[in-house]
Amino acid sequence: MASPQSLAEWLAYIEHQHVRPIELGLDRVAQVRDWLGLHFSAPIITVGGTNGKGSTCAMLESILGCAGYRTGLYTSPHLLRYNERVRIAGVEVADEVLANAFARVEAARGAVPLTYFEFGTLAALCIFADAKLDAIILEVGLGGRLDAVNICEPDCTVVTGIALDHMEFLGDTREKIGFEKAGIFRAGRPAICADPQAPQSLLQHAAQIGADLRLIGRDFGFSGDRQQWNWWGRTQRRSGLAYPALRGANQLLNASGALAALESIAERLPVTMQAVREGLLKLDLPGRFQILPGRPTVVLDVAHNPQAIGVLAENISNMAYAPETYAVIGMLGDKDIDAAVRLIEKRIDHWIAVGLAGPRGISGEDMARHLREIGVQGDISVAETPRLGFAAARERAEDDDRIIIFGSFLTVADVLAVVHS
């Protein structure tokens with residue numbers, strides 16, 4: 001087979017390089033890292049958690065960028081383009097840069113098998129090593145302790161909200177999952193936890209390894225009113241802040257974790273109040289309670305587990321009154337669909353169940369069956385794809401109604417592709 005050349009060819013190639021799409025463990029990816037000779041002098045912030053880690057990474061990138069620092073951000077998954085996963089100074093890297101990085105990883109790995117995510121992580125690190133960065137922000141893909149991102153030695157770590165998700169890999173309780181998330185902590189290094197109810201396993205692990213654990217409510221926190229909010233930490237206070245451009249009450253938890261991380265490395269990366277204010281206002285992260293312009297009101301949210309969908313339900317209840325609310329819902333079969341739907345069903349009048357492709361996807365009919373078995377109120381219809389479900393909702397909804405599209409990154413991505421076309 002000819003060597004891949006374009007980014008599309010490389011992505012197709014790396015998707016089939018490992019017998020399993022997910023293979024947790026650091027031995028293989030660390031070995032290839034060493035063969036690549038990857039070393040970093042810029043401070044590294046690693047962000048894990050079940051929900052909120054993407055928002056936290058975006059906040060860190062935006063604030064540090066406004067402070068004049070050249071950042072590298074690695075995040076996942078993407079919505080429309082793989083390039084979204086790797087950004088330099090807030091800009092997605094070009095196809096050619098990614099393709100060249102994949103070629104470097106391929107040349108270095110020899111016979112060592114790598115998963116799609118491991119390949120992508122090493123490629124991103126190659127790009128960052130060449131980019132003369134002031135700060136590197138890494139989002140954990142799954143879990144933390146055995147995730148490929150954990151081959152890097154962070155100067156600071158952040159764990160956001162912890163909830164039940166990916167239980168087949170991480171365990172079936174918050175305690176088990178909390179232990180996996182805490183695996184990114186390092187001895188003597190700042191370890192931020194922005195979950196107000198941190199699992200005991202996380203606290204114990206931080207104590208056992210001697211991490212500098214900083215808990216929300218104890219070491220940092222926030223308060224606010226309708227107009228502005230305030231943040232406090234161990235040594236800093238940030239007052240009179242405008243609310244983040246990302247909508248939703250939960251974003252203050254994410255912003256607080258980001259500010260605690262910046263406080264902990266302030267000696268190396270000092271950040272002014274102006275950079276904080278500007279950074280929070282300039283945020284742009286599609287698919288996080290994203291409201292499209294025009295009427296009817298259209299909300300896109302990548303919420304895909306019970307905790308995140310519960311937050312989405314709360315955010316909907318805080319919106320202005322709408323006569324009818326339509327839900328375009330598509331979820332993967334390995335998610336706790338029933339528990340998630342029960343948290344939002346009272347906010348929905350009409351359901352459009354859509355199918356998702358791939359080995360983990362389920363059909364619109366299966367999604368509708370879940371809804372019927374739960375006994376949701378309101379009518380249920382079926383569409384083959386999210387974009388067809390969105391079209392059906394647009395056709396039925398009046399100008400004063402609203403449409404909520406949620407359940408998976410795949411659901412939101414399919415609709416966004418239509419919106420941007």
# chains A, B, ... in the order shown; residues from 1 in each chain; ligands from 1

$ residues_around --residues "stretch 397-408 of chain A" --least-positions-apart "4" --cutoff "8 Å" --atoms "only C-alpha atoms" --output "list of chain:residue names"
A:Arg295, A:Pro296, A:Thr297, A:Val298, A:Val299, A:Leu300, A:Asp301, A:Val302, A:Ala303, A:His304, A:Asn305, A:Ile309, A:Ala322, A:Pro323, A:Glu324, A:Thr325, A:Tyr326, A:Ala327, A:Val328, A:Ile329, A:Gly330, A:Met331, A:Leu332, A:Phe390, A:Ala393, A:Val412

$ write_last_selection --atoms "N, CA, C and O atoms" --output "compact mmCIF listing (two decimals), in the first residue's frame"
# COMPACT_ATOMS: atom_id res chain seq x y z
N ARG A 295 -34.96 32.72 14.24
CA ARG A 295 -36.12 32.11 14.87
C ARG A 295 -36.59 30.94 14.02
O ARG A 295 -36.48 30.98 12.80
N PRO A 296 -37.14 29.88 14.65
CA PRO A 296 -37.25 29.68 16.09
C PRO A 296 -35.87 29.55 16.75
O PRO A 296 -34.87 29.38 16.07
N THR A 297 -35.86 29.61 18.07
CA THR A 297 -34.61 29.44 18.82
C THR A 297 -34.11 28.01 18.64
O THR A 297 -34.86 27.05 18.84
N VAL A 298 -32.84 27.88 18.26
CA VAL A 298 -32.22 26.56 18.09
C VAL A 298 -31.02 26.46 19.02
O VAL A 298 -30.13 27.31 18.99
N VAL A 299 -31.03 25.44 19.87
CA VAL A 299 -29.95 25.21 20.83
C VAL A 299 -29.24 23.91 20.47
O VAL A 299 -29.89 22.88 20.29
N LEU A 300 -27.91 23.97 20.36
CA LEU A 300 -27.11 22.77 20.11
C LEU A 300 -26.26 22.49 21.34
O LEU A 300 -25.59 23.38 21.84
N ASP A 301 -26.30 21.25 21.82
CA ASP A 301 -25.52 20.90 23.00
C ASP A 301 -25.02 19.47 22.88
O ASP A 301 -25.81 18.55 22.63
N VAL A 302 -23.72 19.28 23.08
CA VAL A 302 -23.12 17.95 22.94
C VAL A 302 -23.34 17.07 24.17
O VAL A 302 -22.78 15.97 24.27
N ALA A 303 -24.17 17.51 25.11
CA ALA A 303 -24.46 16.73 26.32
C ALA A 303 -24.84 15.30 25.93
O ALA A 303 -25.74 15.09 25.12
N HIS A 304 -24.16 14.31 26.56
CA HIS A 304 -24.37 12.92 26.14
C HIS A 304 -24.37 11.93 27.30
O HIS A 304 -24.34 10.72 27.08
N ASN A 305 -24.40 12.42 28.53
CA ASN A 305 -24.54 11.53 29.68
C ASN A 305 -25.50 12.19 30.67
O ASN A 305 -25.84 13.37 30.53
N ILE A 309 -26.76 16.13 30.56
CA ILE A 309 -28.13 16.38 30.08
C ILE A 309 -28.97 16.98 31.20
O ILE A 309 -29.87 17.78 30.95
N ALA A 322 -41.18 29.45 25.88
CA ALA A 322 -41.47 29.08 24.50
C ALA A 322 -42.73 28.22 24.51
O ALA A 322 -42.85 27.31 25.34
N PRO A 323 -43.67 28.47 23.61
CA PRO A 323 -44.92 27.69 23.60
C PRO A 323 -44.68 26.19 23.45
O PRO A 323 -45.30 25.38 24.13
N GLU A 324 -43.77 25.81 22.55
CA GLU A 324 -43.48 24.39 22.31
C GLU A 324 -41.97 24.19 22.20
O GLU A 324 -41.26 25.01 21.62
N THR A 325 -41.52 23.07 22.75
CA THR A 325 -40.10 22.73 22.66
C THR A 325 -39.95 21.38 21.95
O THR A 325 -40.55 20.39 22.36
N TYR A 326 -39.16 21.39 20.89
CA TYR A 326 -38.89 20.19 20.11
C TYR A 326 -37.49 19.68 20.45
O TYR A 326 -36.54 20.46 20.53
N ALA A 327 -37.37 18.39 20.63
CA ALA A 327 -36.06 17.78 20.88
C ALA A 327 -35.67 16.92 19.70
O ALA A 327 -36.44 16.05 19.27
N VAL A 328 -34.48 17.18 19.15
CA VAL A 328 -33.86 16.28 18.17
C VAL A 328 -32.79 15.53 18.93
O VAL A 328 -31.75 16.09 19.29
N ILE A 329 -33.03 14.26 19.22
CA ILE A 329 -32.16 13.51 20.11
C ILE A 329 -31.59 12.28 19.42
O ILE A 329 -32.33 11.47 18.84
N GLY A 330 -30.28 12.17 19.47
CA GLY A 330 -29.58 10.99 18.98
C GLY A 330 -28.47 10.65 19.96
O GLY A 330 -27.66 11.51 20.28
N MET A 331 -28.44 9.42 20.46
CA MET A 331 -27.44 9.02 21.45
C MET A 331 -26.79 7.71 21.04
O MET A 331 -27.38 6.91 20.30
N LEU A 332 -25.59 7.48 21.53
CA LEU A 332 -24.90 6.22 21.29
C LEU A 332 -25.47 5.13 22.19
O LEU A 332 -25.90 5.40 23.32
N PHE A 390 -33.52 17.59 12.24
CA PHE A 390 -33.51 19.05 12.36
C PHE A 390 -34.43 19.68 11.32
O PHE A 390 -35.20 20.60 11.63
N ALA A 393 -37.98 19.23 12.43
CA ALA A 393 -38.32 20.14 13.53
C ALA A 393 -38.52 21.56 13.02
O ALA A 393 -39.45 22.26 13.44
N VAL A 412 -24.81 16.72 17.12
CA VAL A 412 -24.57 18.15 16.91
C VAL A 412 -23.75 18.39 15.65
O VAL A 412 -24.03 19.30 14.87

$ residues_around --residues "A:Gly68" --least-positions-apart "6" --cutoff "12 Å" --atoms "only C-alpha atoms" --output "list in words"
Glu61, Ser62, Ala89, Gly90, Leu133, Asp134, Ala135, Leu269, Pro270, Val271, Thr272, Gln274, Ala275, Val276, Glu278 and Gly279 of chain A

$ select_by_dssp --residues "stretch 309-403 of chain A" --states "alpha helix (DSSP H)" --output "ChimeraX atom specification"
/A:309-317,337-344,364-374,386-396

$ closest_residue --among "A:Gly248, A:Gly378, A:Pro286, A:Gly364" --to "A:Ser317" --atoms "only C-alpha atoms"
A:Gly248

$ atom_distance --atom1 "atom CA of A:Glu92" --atom2 "atom CA of A:Arg268"
25.3 Å

$ closest_residue --among "A:Arg214, A:Ala108, A:Leu38, A:Leu60" --to "A:Asp130" --atoms "only C-alpha atoms"
A:Leu38

$ closest_residue --among "A:Ala353, A:Ala339, A:Leu202, A:Ile209" --to "A:Gln307" --atoms "only C-alpha atoms"
A:Ala339

$ residues_around --residues "A:Gly120" --least-positions-apart "2" --cutoff "12 Å" --atoms "only C-alpha atoms" --output "VMD selection string"
chain A and resid 7 10 to 11 13 to 15 29 74 to 78 82 to 86 98 to 106 114 to 118 122 to 127 141 148 to 149

$ closest_residue --among "A:Leu283, A:Met273, A:Cys193, A:Ile374" --to "A:Ala260" --atoms "only C-alpha atoms"
A:Cys193

$ residues_around --residues "stretch 178-183 of chain A" --least-positions-apart "4" --cutoff "7 Å" --atoms "only C-alpha atoms" --output "ChimeraX atom specification"
/A:48-49,143-145,159,162,170,174,199,201-202,205

$ closest_residue --among "A:Gly217, A:Gly65, A:Gly257, A:Gly224" --to "A:Thr160" --atoms "only C-alpha atoms"
A:Gly257

$ closest_residue --among "A:Phe40, A:Phe409, A:Tyr69, A:Phe222" --to "A:Gly287" --atoms "only C-alpha atoms"
A:Phe409
